[in-house]
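For reference, query19.cif (mmCIF, C-alpha atoms and all ligand atoms):
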```cif
data_structure
#
loop_
_atom_site.label_atom_id
_atom_site.label_comp_id
_atom_site.auth_asym_id
_atom_site.auth_seq_id
_atom_site.Cartn_x
_atom_site.Cartn_y
_atom_site.Cartn_z
CA MET A 14 140.07 61.82 50.69
CA LEU A 15 136.38 62.63 50.15
CA THR A 16 136.83 64.84 47.10
CA GLU A 17 133.63 65.02 45.02
CA LYS A 18 131.64 63.08 47.62
CA LYS A 19 128.32 64.68 48.56
CA ILE A 20 127.46 63.94 52.14
CA LEU A 21 124.30 64.77 54.03
CA VAL A 22 124.82 65.30 57.75
CA GLY A 23 121.57 64.79 59.64
CA VAL A 24 121.53 66.42 63.05
CA THR A 25 118.98 65.39 65.65
CA GLY A 26 118.12 66.84 69.03
CA GLY A 27 120.55 65.70 71.71
CA ILE A 28 123.25 67.57 73.59
CA ALA A 29 125.89 66.05 71.28
CA ALA A 30 124.35 68.19 68.50
CA TYR A 31 127.03 70.77 69.27
CA LYS A 32 129.61 68.25 68.01
CA ALA A 33 127.84 68.16 64.63
CA ALA A 34 129.68 71.41 63.87
CA GLU A 35 132.97 69.52 64.18
CA VAL A 36 131.66 66.62 62.06
CA VAL A 37 130.81 69.09 59.28
CA ARG A 38 134.21 70.76 59.62
CA CYS A 39 136.06 67.41 59.47
CA LEU A 40 134.18 66.38 56.33
CA ARG A 41 134.86 69.74 54.68
CA LYS A 42 138.56 69.41 55.52
CA LEU A 43 138.48 66.11 53.63
CA ASN A 44 137.06 68.01 50.62
CA ALA A 45 133.53 66.57 50.83
CA GLN A 46 130.56 68.66 49.74
CA VAL A 47 128.43 68.79 52.85
CA HIS A 48 124.67 69.34 53.15
CA VAL A 49 122.97 69.53 56.51
CA ALA A 50 119.43 68.64 57.58
CA MET A 51 118.34 69.31 61.15
CA THR A 52 115.33 68.23 63.13
CA LYS A 53 113.38 70.93 64.97
CA SER A 54 114.78 69.73 68.32
CA ALA A 55 118.34 69.91 66.98
CA THR A 56 117.85 73.63 66.30
CA GLU A 57 117.30 74.08 70.06
CA PHE A 58 120.90 72.90 70.64
CA ILE A 59 122.78 74.47 67.73
CA THR A 60 121.71 77.07 65.20
CA PRO A 61 121.23 76.35 61.49
CA LEU A 62 123.40 79.42 60.84
CA THR A 63 126.42 77.74 62.45
CA LEU A 64 126.06 74.65 60.27
CA GLN A 65 125.27 76.74 57.19
CA SER A 66 128.47 78.72 57.70
CA LEU A 67 130.58 75.61 58.24
CA SER A 68 129.07 73.62 55.36
CA SER A 69 128.79 76.61 52.96
CA ASN A 70 125.33 75.31 52.02
CA PRO A 71 121.78 76.13 53.09
CA VAL A 72 120.54 74.02 55.99
CA TYR A 73 117.28 72.07 55.73
CA CYS A 74 114.98 72.10 58.72
CA ASP A 75 111.39 72.11 57.58
CA LEU A 76 109.59 70.10 54.90
CA PHE A 77 107.43 73.10 54.09
CA ASP A 78 110.18 75.76 53.87
CA GLU A 79 110.63 77.70 50.66
CA PRO A 80 112.77 75.52 48.32
CA LYS A 81 116.48 76.33 48.58
CA LEU A 82 117.97 74.44 45.66
CA TRP A 83 115.62 71.88 44.15
CA ASN A 84 111.89 71.56 43.54
CA VAL A 85 110.87 68.60 45.63
CA GLU A 86 113.78 69.10 47.94
CA HIS A 87 113.67 66.06 50.17
CA ILE A 88 113.53 63.78 47.11
CA ALA A 89 116.18 65.72 45.20
CA LEU A 90 118.52 65.73 48.19
CA ALA A 91 117.86 62.03 48.82
CA GLU A 92 118.95 61.24 45.25
CA HIS A 93 121.78 63.78 45.16
CA VAL A 94 123.91 62.58 48.07
CA ASP A 95 126.51 59.77 48.13
CA ALA A 96 126.06 59.06 51.84
CA VAL A 97 124.07 60.18 54.85
CA ILE A 98 125.47 60.38 58.35
CA ILE A 99 123.19 61.08 61.29
CA ALA A 100 125.32 62.60 64.02
CA PRO A 101 124.12 62.67 66.68
CA ALA A 102 121.40 60.04 66.24
CA THR A 103 118.92 60.13 69.12
CA ALA A 104 116.90 57.14 70.31
CA ASN A 105 113.93 58.87 68.68
CA ILE A 106 115.39 59.04 65.14
CA LEU A 107 116.58 55.42 65.41
CA ALA A 108 113.04 54.38 66.36
CA LYS A 109 111.58 56.40 63.50
CA MET A 110 114.03 54.88 61.02
CA ALA A 111 113.27 51.39 62.26
CA MET A 112 109.53 52.02 61.83
CA GLY A 113 109.86 53.90 58.53
CA LEU A 114 108.20 57.04 59.88
CA ALA A 115 108.54 60.22 57.81
CA ASP A 116 107.11 63.19 59.64
CA ASP A 117 109.78 65.85 59.07
CA PHE A 118 112.44 66.78 56.52
CA LEU A 119 115.22 64.51 57.79
CA SER A 120 113.15 61.37 58.34
CA THR A 121 111.55 61.85 54.91
CA VAL A 122 114.97 62.05 53.23
CA LEU A 123 116.03 58.93 55.13
CA LEU A 124 113.09 57.03 53.72
CA ALA A 125 113.60 58.34 50.21
CA THR A 126 117.35 57.91 49.86
CA ARG A 127 119.12 54.83 48.54
CA ALA A 128 122.53 56.20 49.55
CA PRO A 129 124.36 54.35 52.34
CA ILE A 130 123.32 55.56 55.77
CA PHE A 131 125.55 55.85 58.83
CA VAL A 132 124.28 56.63 62.32
CA ALA A 133 126.31 57.80 65.32
CA PRO A 134 124.02 57.18 68.31
CA ALA A 135 124.23 59.56 71.24
CA MET A 136 122.01 59.28 74.29
CA ASN A 137 121.90 58.61 77.99
CA HIS A 138 123.19 55.11 78.78
CA ALA A 139 119.83 53.89 80.13
CA MET A 140 118.10 54.98 76.93
CA TYR A 141 120.83 53.30 74.90
CA HIS A 142 120.45 50.00 76.75
CA HIS A 143 116.64 50.08 76.66
CA PRO A 144 115.42 46.98 74.80
CA ALA A 145 113.48 49.17 72.34
CA THR A 146 116.66 51.02 71.29
CA GLN A 147 118.68 47.81 71.10
CA VAL A 148 116.04 46.10 68.94
CA ASN A 149 115.86 49.16 66.68
CA LEU A 150 119.65 49.25 66.29
CA ALA A 151 119.76 45.53 65.51
CA LEU A 152 117.06 45.99 62.87
CA LEU A 153 118.84 48.95 61.30
CA LYS A 154 122.12 46.99 61.16
CA GLU A 155 120.29 44.12 59.50
CA ARG A 156 119.12 46.56 56.82
CA GLY A 157 122.72 47.59 56.13
CA ILE A 158 122.79 50.81 58.10
CA GLN A 159 126.22 51.32 59.59
CA VAL A 160 126.34 52.14 63.26
CA ILE A 161 129.37 54.13 64.47
CA GLY A 162 129.94 53.89 68.22
CA PRO A 163 128.67 54.93 70.66
CA ASP A 164 131.63 55.47 72.98
CA THR A 165 131.72 54.96 76.71
CA GLY A 166 132.55 57.78 79.11
CA PHE A 167 131.30 60.87 80.85
CA GLN A 168 127.80 61.86 79.79
CA ALA A 169 126.12 65.26 79.84
CA CYS A 170 123.58 63.93 82.38
CA GLY A 171 126.46 63.55 84.86
CA THR A 172 126.87 59.76 84.72
CA ASN A 173 129.41 57.49 83.11
CA GLY A 174 128.44 54.83 80.60
CA ASP A 175 127.77 53.86 76.98
CA GLY A 176 126.02 56.39 74.81
CA ARG A 177 128.53 59.17 74.12
CA MET A 178 128.68 60.04 70.45
CA SER A 179 131.89 58.86 68.76
CA GLU A 180 134.43 61.60 68.19
CA PRO A 181 133.84 63.61 64.97
CA VAL A 182 137.26 62.51 63.63
CA GLU A 183 136.29 58.85 64.02
CA ILE A 184 132.97 59.46 62.31
CA ALA A 185 134.71 61.13 59.38
CA GLU A 186 137.25 58.29 59.22
CA SER A 187 134.48 55.71 58.97
CA LEU A 188 133.21 57.51 55.89
CA VAL A 189 136.71 57.68 54.42
CA ARG A 190 137.17 53.95 54.93
CA PHE A 191 133.80 53.29 53.35
CA PHE A 192 134.68 55.29 50.24
CA THR A 193 138.31 54.23 49.89
CA GLY A 194 137.34 50.62 50.58
CA SER A 195 140.39 49.81 52.65
CA ASP A 196 140.62 49.17 56.33
CA TRP A 197 143.46 46.67 55.97
CA LEU A 198 145.38 48.12 58.86
CA LYS A 199 142.53 48.59 61.31
CA GLY A 200 143.73 47.77 64.81
CA LYS A 201 147.40 48.33 63.85
CA LYS A 202 149.63 51.14 65.07
CA ALA A 203 152.01 52.80 62.64
CA LEU A 204 154.82 55.27 63.16
CA VAL A 205 156.23 57.39 60.34
CA THR A 206 159.15 59.79 60.51
CA ALA A 207 159.33 62.66 58.06
CA GLY A 208 161.22 65.81 57.12
CA GLY A 209 164.83 66.80 57.51
CA THR A 210 166.29 67.21 60.98
CA GLN A 211 167.96 70.49 61.95
CA GLU A 212 171.16 70.51 63.97
CA PRO A 213 171.68 73.86 65.69
CA LEU A 214 175.02 75.65 65.42
CA ASP A 215 174.12 78.75 67.36
CA PRO A 216 170.87 80.65 68.19
CA VAL A 217 170.34 81.61 64.52
CA ARG A 218 171.88 78.84 62.39
CA TYR A 219 171.55 75.13 61.89
CA LEU A 220 172.80 72.33 59.65
CA GLY A 221 169.89 71.00 57.63
CA ASN A 222 169.01 69.16 54.45
CA ARG A 223 166.61 69.55 51.55
CA SER A 224 163.95 67.08 52.62
CA SER A 225 160.47 68.64 52.31
CA GLY A 226 158.70 65.96 54.32
CA LEU A 227 156.24 65.34 51.43
CA MET A 228 156.99 61.61 51.13
CA GLY A 229 156.68 60.91 54.86
CA TYR A 230 153.50 62.96 55.20
CA ALA A 231 151.96 61.10 52.23
CA ILE A 232 152.84 57.78 53.88
CA ALA A 233 151.24 58.87 57.16
CA GLU A 234 148.13 59.88 55.20
CA ALA A 235 147.96 56.55 53.35
CA LEU A 236 148.46 54.49 56.52
CA GLN A 237 145.77 56.46 58.33
CA GLU A 238 143.48 56.08 55.32
CA ALA A 239 143.99 52.30 55.53
CA GLY A 240 142.77 52.33 59.13
CA ALA A 241 146.05 52.30 61.10
CA GLU A 242 146.34 54.49 64.16
CA THR A 243 149.16 56.63 62.81
CA PHE A 244 151.84 58.66 64.59
CA LEU A 245 154.07 61.06 62.70
CA VAL A 246 157.36 62.10 64.24
CA SER A 247 158.17 65.10 62.13
CA ALA A 248 161.18 67.33 61.75
CA PRO A 249 160.23 70.94 60.87
CA THR A 250 158.18 71.24 57.64
CA ASP A 251 155.58 73.62 56.22
CA LEU A 252 153.08 70.80 55.71
CA PRO A 253 149.71 70.42 57.43
CA THR A 254 149.34 67.32 59.61
CA PRO A 255 147.40 64.68 57.63
CA TYR A 256 143.88 64.22 58.79
CA GLY A 257 143.47 62.04 61.88
CA VAL A 258 147.24 61.52 62.32
CA THR A 259 148.93 62.28 65.66
CA ARG A 260 151.97 64.46 65.04
CA ILE A 261 154.94 64.73 67.36
CA SER A 262 157.15 67.65 66.34
CA VAL A 263 160.90 67.35 66.78
CA ARG A 264 163.86 69.30 65.50
CA THR A 265 167.12 67.43 65.90
CA ALA A 266 168.18 63.85 65.20
CA LEU A 267 168.54 63.27 68.95
CA GLU A 268 164.99 64.49 69.59
CA MET A 269 163.72 62.25 66.77
CA HIS A 270 165.67 59.35 68.25
CA ASP A 271 164.04 59.81 71.66
CA ALA A 272 160.51 60.24 70.28
CA VAL A 273 160.81 57.19 68.01
CA LEU A 274 162.31 54.92 70.66
CA ARG A 275 159.60 55.90 73.15
CA LEU A 276 156.81 54.91 70.71
CA PHE A 277 158.55 51.92 69.13
CA PRO A 278 157.57 49.13 71.59
CA GLU A 279 153.82 49.58 70.97
CA MET A 280 154.05 49.93 67.16
CA ASN A 281 153.24 47.29 64.53
CA VAL A 282 154.87 49.22 61.67
CA VAL A 283 157.60 51.85 61.52
CA VAL A 284 158.42 53.73 58.32
CA LYS A 285 161.57 55.82 58.51
CA ALA A 286 161.15 58.33 55.71
CA ALA A 287 162.94 61.18 57.51
CA ALA A 288 166.25 62.54 56.28
CA VAL A 289 168.19 62.35 59.52
CA ALA A 290 171.42 64.33 59.91
CA ASP A 291 174.28 61.87 60.31
CA TYR A 292 176.32 64.48 62.21
CA ARG A 293 175.67 67.37 64.60
CA PRO A 294 177.97 70.16 65.75
CA LEU A 295 179.97 69.11 68.82
CA VAL A 296 178.91 72.31 70.55
CA GLU A 297 175.96 74.59 70.04
CA ALA A 298 177.26 78.11 70.55
CA VAL A 299 175.28 80.03 73.16
CA GLN A 300 175.76 83.30 71.30
CA LYS A 301 175.64 83.97 67.56
CA ILE A 302 178.97 82.97 65.99
CA LYS A 303 180.68 86.17 64.79
CA LYS A 304 182.56 86.37 61.52
CA THR A 305 186.29 86.84 61.90
CA GLY A 306 187.35 87.19 58.29
CA THR A 307 189.33 83.95 58.47
CA SER A 308 188.23 80.38 57.79
CA LEU A 309 186.07 78.56 60.29
CA THR A 310 186.24 74.86 61.11
CA LEU A 311 183.28 73.12 62.68
CA GLU A 312 183.75 69.92 64.63
CA LEU A 313 180.92 67.46 64.03
CA VAL A 314 180.07 64.34 66.01
CA PRO A 315 177.99 61.40 64.75
CA ASN A 316 174.27 61.15 65.49
CA PRO A 317 172.74 57.79 66.35
CA ASP A 318 171.49 55.81 63.36
CA ILE A 319 167.87 55.50 64.48
CA LEU A 320 166.84 52.93 61.88
CA ALA A 321 169.84 50.68 62.57
CA GLU A 322 169.04 50.82 66.29
CA LEU A 323 165.40 49.85 65.60
CA GLY A 324 166.70 47.01 63.41
CA GLN A 325 168.63 45.69 66.42
CA LYS A 326 165.78 46.16 68.88
CA LYS A 327 162.83 45.01 66.80
CA THR A 328 160.68 42.15 68.06
CA SER A 329 157.50 41.79 66.00
CA GLN A 330 157.59 45.23 64.36
CA LEU A 331 157.69 45.61 60.61
CA LEU A 332 160.50 47.99 59.75
CA ILE A 333 160.58 50.04 56.54
CA GLY A 334 163.62 52.11 55.61
CA PHE A 335 164.46 54.51 52.83
CA ALA A 336 167.68 54.87 50.89
CA ALA A 337 168.22 58.31 49.42
CA GLU A 338 171.07 57.88 46.95
CA THR A 339 172.84 59.97 44.33
CA GLU A 340 174.93 57.10 42.86
CA ASN A 341 175.05 53.27 42.78
CA LEU A 342 171.39 53.18 43.87
CA MET A 343 170.82 49.43 43.98
CA ALA A 344 174.15 48.44 45.53
CA ASN A 345 173.89 51.08 48.26
CA ALA A 346 170.24 50.24 48.89
CA GLN A 347 170.92 46.49 49.19
CA HIS A 348 173.70 47.26 51.64
CA LYS A 349 171.43 49.49 53.78
CA MET A 350 168.67 46.88 53.81
CA LYS A 351 171.00 44.29 55.32
CA GLN A 352 172.92 46.64 57.58
CA LYS A 353 169.74 48.12 59.11
CA ASN A 354 167.80 44.82 59.23
CA VAL A 355 164.64 46.18 57.58
CA ASN A 356 161.70 44.23 56.13
CA LEU A 357 161.34 46.50 53.13
CA LEU A 358 163.59 49.20 51.74
CA VAL A 359 162.37 52.02 49.52
CA ALA A 360 165.22 52.92 47.17
CA ASN A 361 165.16 56.40 45.80
CA ASP A 362 167.60 58.05 43.32
CA ILE A 363 167.16 61.65 44.45
CA THR A 364 168.99 63.05 41.41
CA LYS A 365 166.39 61.83 38.87
CA PRO A 366 163.97 64.48 37.52
CA GLY A 367 160.54 63.79 39.08
CA ALA A 368 162.05 62.11 42.14
CA GLY A 369 163.48 63.00 45.50
CA PHE A 370 163.47 66.01 47.81
CA GLY A 371 160.78 68.64 47.25
CA SER A 372 159.34 66.94 44.14
CA PRO A 373 155.56 66.22 44.26
CA THR A 374 156.28 62.93 42.47
CA ASN A 375 158.73 60.13 43.13
CA ILE A 376 160.33 57.18 41.33
CA VAL A 377 161.13 54.35 43.73
CA SER A 378 161.84 50.64 43.96
CA PHE A 379 160.79 48.40 46.83
CA LEU A 380 163.47 45.90 47.85
CA PHE A 381 162.80 42.89 50.06
CA PRO A 382 165.29 40.76 52.01
CA ASP A 383 164.20 37.67 50.01
CA GLY A 384 165.59 39.30 46.85
CA ARG A 385 162.26 40.47 45.42
CA LYS A 386 162.20 43.91 43.82
CA ILE A 387 159.27 46.05 42.67
CA ASP A 388 160.03 49.04 40.40
CA LEU A 389 157.34 51.71 40.38
CA PRO A 390 157.08 54.25 37.55
CA GLN A 391 156.95 57.99 38.30
CA MET A 392 153.81 58.79 40.29
CA SER A 393 152.60 61.20 42.97
CA LYS A 394 154.06 60.68 46.41
CA LEU A 395 150.57 59.81 47.71
CA GLU A 396 150.28 57.06 45.10
CA VAL A 397 153.72 55.74 46.10
CA ALA A 398 152.52 55.84 49.70
CA ARG A 399 149.38 53.87 48.84
CA HIS A 400 151.49 51.22 47.03
CA LEU A 401 153.74 51.03 50.06
CA THR A 402 150.72 50.68 52.38
CA ARG A 403 149.51 47.75 50.29
CA GLU A 404 152.91 46.05 50.57
CA ILE A 405 152.91 46.68 54.33
CA ALA A 406 149.46 45.09 54.61
CA LYS A 407 150.70 42.05 52.66
CA LEU A 408 153.78 41.71 54.85
CA LEU A 409 151.48 41.79 57.88
CA GLY A 410 149.47 38.99 56.29
CA VAL A 411 146.37 41.14 55.77
CA GLU A 412 143.98 40.42 52.89
CA THR A 413 144.23 43.37 50.46
CA LYS A 414 141.45 42.37 48.02
CA GLU A 415 143.70 42.63 44.94
N1 LIG A 501 168.43 56.99 59.16
C1 LIG A 501 168.24 57.03 60.52
N2 LIG A 501 169.13 57.66 61.33
C2 LIG A 501 170.21 58.26 60.80
C3 LIG A 501 170.43 58.23 59.41
C4 LIG A 501 169.51 57.59 58.62
O1 LIG A 501 167.23 56.47 61.00
N3 LIG A 501 171.06 58.88 61.63
C5 LIG A 501 167.46 56.26 58.32
C6 LIG A 501 166.70 57.12 57.32
O2 LIG A 501 165.50 57.61 57.90
C7 LIG A 501 166.44 56.16 56.19
C8 LIG A 501 167.65 55.23 56.23
O3 LIG A 501 168.18 55.35 57.55
O4 LIG A 501 165.29 55.37 56.40
C9 LIG A 501 168.72 55.56 55.22
O5 LIG A 501 169.04 56.91 55.28
P1 LIG A 501 170.08 57.54 54.26
O6 LIG A 501 170.23 59.00 54.56
O7 LIG A 501 169.72 57.11 52.87
O8 LIG A 501 171.41 56.76 54.61
P2 LIG A 501 172.41 56.77 55.80
O9 LIG A 501 172.16 55.58 56.65
O10 LIG A 501 172.43 58.10 56.48
O11 LIG A 501 173.77 56.50 55.03
P3 LIG A 501 174.58 57.49 54.02
O12 LIG A 501 174.28 58.91 54.49
O13 LIG A 501 175.98 57.08 54.23
O14 LIG A 501 174.06 57.20 52.65
#
```
When written as structure tokens, how does the structure in this file appear?
Ligand code: CTP
Amino acid sequence: MLTEKKILVGVTGGIAAYKAAEVVRCLRKLNAQVHVAMTKSATEFITPLTLQSLSSNPVYCDLFDEPKLWNVEHIALAEHVDAVIIAPATANILAKMAMGLADDFLSTVLLATRAPIFVAPAMNHAMYHHPATQVNLALLKERGIQVIGPDTGFQACGTNGDGRMSEPVEIAESLVRFFTGSDWLKGKKALVTAGGTQEPLDPVRYLGNRSSGLMGYAIAEALQEAGAETFLVSAPTDLPTPYGVTRISVRTALEMHDAVLRLFPEMNVVVKAAAVADYRPLVEAVQKIKKTGTSLTLELVPNPDILAELGQKKTSQLLIGFAAETENLMANAQHKMKQKNVNLLVANDITKPGAGFGSPTNIVSFLFPDGRKIDLPQMSKLEVARHLTREIAKLLGVETKE
């Protein structure tokens, strides 16, 4: 999500400096190029070597160090980066920024850069509430500096209160939202199901399907990117959990049913991209089923239709279903939309080249109960997911700046 973005992480001297390592790691995971500048006090809390190893770049501490990459380094770095995030930001650096002081490497870069600046304050609650700090923060906000947090909670000094640095994941997400320009779904909760369920036959075998989970994972990523708090109920896949998303791993249709129904009441949006087994073996053999040389008949019993049940139970939730079809795509999809009472149905001919299970791309149509239909050309599953996210935002009545 931050590919090709060059981000300077400024680390100042507070106990939360140890969390800067996680901030750097989160940004790297999002493919950002990360540079780090530390104040002298910050190096008392965490070593430059740690941040150098995590960022894969030299760390800047002193204005008068030997140059590492550029000639006038603080100016070159100031011009080179796309954004600066100070995490943690002490009361001292906020005061220096407000006054325009430049007496070390980091504060000099902050004065020289025209890149957007984010600060994640971290300090004792009394220092945070001191009028000087509050005035400085107000002034910085007025100048367009974005303040992330702070959070409330247990503090290193042993008290409870405001002043804890926001979690590294939240800090990274603020940057993602800034660069992707969409926080349409901020404050909303979204649930996505993904992958193909597995229905055990015996300790070594199961009935499964060819779903890779790619489409559902891309949708979770796009919803998270748009600011929704996103939960992913996933059948087994080989895919990494999208950044910032909470994953709940399940195996069978019944497990998926239970996980989804538990989360459903507090959700604003549910997208059912999973390929759920319609049947499961009546019995799961305790021991491995032995071959006998003759034919074997399995008795299967129906699984619950999770989406149809949600369609019955829904109150204010927006419900999105999928239709994976191999024939009569539109007729079957229209039927599923009505039968399952969904607000949007993604119709998907899984036999088309470039579409369906395991393919990195997809070719889908969005169907709406009012008869509208949007046909999308072949595109990556993440692009499909971003289109779907935009439609979800519209259905929720959110301005999508089109
Ligand atoms: N679905 C579900 N629970 C099931 C079966 C399907 O929640 N037991 C959901 C899927 O996640 C998808 C939609 O229902 O969003 C349609 O799934 P699909 O497999 O296309 O259709 P089915 O309803 O299973 O019908 P059929 O297999 O007869 O095509």
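If all atoms listed in the file are the atoms counted, then among A:Ile319, A:Ala55, A:Leu380, A:Ala133 the closest residue to ligand LIG 501 (chain A) is A:Ile319.
Each of A:Ser225, A:Thr60, A:Gln352, A:Ser378 was compared to ligand LIG 501 (chain A) using all atoms listed in the file, and A:Gln352 turns out to be the nearest.
Interatomic distance, CA of Thr63 (chain A) to CA of Gln159 (chain A): 26.6 Å.
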(request) Find the residues around Ile28 (chain A) up to 10 Å (all atoms listed in the file counted), leave out those fewer than 5 positions away in its own chain, and share them as an MDAnalysis selection string. (result) chainID A and resid 55 57:59 101 103 135:136 168:170 177:178
(request) Let me have all residues with an atom within 9 Å of ligand LIG 501 (chain A), counting all atoms listed in the file, laid out as a PyMOL selection string. (result) chain A and resi 206-207+266-267+269-270+284-292+315-323+333-339+345-346+349-350+353+358-361
(message) For region 183-193 of chain A, find every residue with an atom within 12 Å (counting all atoms listed in the file), except residues of its own chain fewer than 5 positions away, and show them as a ChimeraX atom specification.
(response) /A:14-22,32-33,35-45,47,95-101,129-134,159-164,178,198-199,234-242,256-258,399
(request) Just the residues within 12 Å of Val296 (chain A), please, counting all atoms listed in the file, with nothing from its chain fewer than 2 positions along; format it as a ChimeraX atom specification. (result) /A:212-216,219,292-294,298-300,302,311-314
Kindly add N, CA and C atoms to the incomplete region 129-140 of chain A and provide the output as a PDB file, keeping the file's coordinate frame.
```pdb
ATOM      1  N   PRO A 129     124.032  55.007  51.059  1.00  0.00           N
ATOM      2  CA  PRO A 129     124.360  54.350  52.340  1.00  0.00           C
ATOM      3  C   PRO A 129     124.138  55.302  53.504  1.00  0.00           C
ATOM      4  N   ILE A 130     123.620  54.735  54.581  1.00  0.00           N
ATOM      5  CA  ILE A 130     123.320  55.560  55.770  1.00  0.00           C
ATOM      6  C   ILE A 130     124.185  55.108  56.939  1.00  0.00           C
ATOM      7  N   PHE A 131     124.773  56.090  57.608  1.00  0.00           N
ATOM      8  CA  PHE A 131     125.550  55.850  58.830  1.00  0.00           C
ATOM      9  C   PHE A 131     124.825  56.548  59.976  1.00  0.00           C
ATOM     10  N   VAL A 132     124.833  55.932  61.153  1.00  0.00           N
ATOM     11  CA  VAL A 132     124.280  56.630  62.320  1.00  0.00           C
ATOM     12  C   VAL A 132     125.313  56.617  63.446  1.00  0.00           C
ATOM     13  N   ALA A 133     125.417  57.722  64.155  1.00  0.00           N
ATOM     14  CA  ALA A 133     126.310  57.800  65.320  1.00  0.00           C
ATOM     15  C   ALA A 133     125.422  58.068  66.540  1.00  0.00           C
ATOM     16  N   PRO A 134     124.955  56.991  67.196  1.00  0.00           N
ATOM     17  CA  PRO A 134     124.020  57.180  68.310  1.00  0.00           C
ATOM     18  C   PRO A 134     124.636  58.001  69.439  1.00  0.00           C
ATOM     19  N   ALA A 135     123.793  58.780  70.081  1.00  0.00           N
ATOM     20  CA  ALA A 135     124.230  59.560  71.240  1.00  0.00           C
ATOM     21  C   ALA A 135     123.026  59.720  72.160  1.00  0.00           C
ATOM     22  N   MET A 136     123.127  59.176  73.334  1.00  0.00           N
ATOM     23  CA  MET A 136     122.010  59.280  74.290  1.00  0.00           C
ATOM     24  C   MET A 136     122.478  58.829  75.662  1.00  0.00           C
ATOM     25  N   ASN A 137     121.640  59.078  76.629  1.00  0.00           N
ATOM     26  CA  ASN A 137     121.900  58.610  77.990  1.00  0.00           C
ATOM     27  C   ASN A 137     122.027  57.079  77.996  1.00  0.00           C
ATOM     28  N   HIS A 138     122.886  56.545  78.861  1.00  0.00           N
ATOM     29  CA  HIS A 138     123.190  55.110  78.780  1.00  0.00           C
ATOM     30  C   HIS A 138     121.970  54.220  79.023  1.00  0.00           C
ATOM     31  N   ALA A 139     121.028  54.699  79.866  1.00  0.00           N
ATOM     32  CA  ALA A 139     119.830  53.890  80.130  1.00  0.00           C
ATOM     33  C   ALA A 139     118.951  53.842  78.879  1.00  0.00           C
ATOM     34  N   MET A 140     118.879  54.969  78.177  1.00  0.00           N
ATOM     35  CA  MET A 140     118.100  54.980  76.930  1.00  0.00           C
ATOM     36  C   MET A 140     118.757  54.091  75.880  1.00  0.00           C
TER      37      MET A 140
END
```
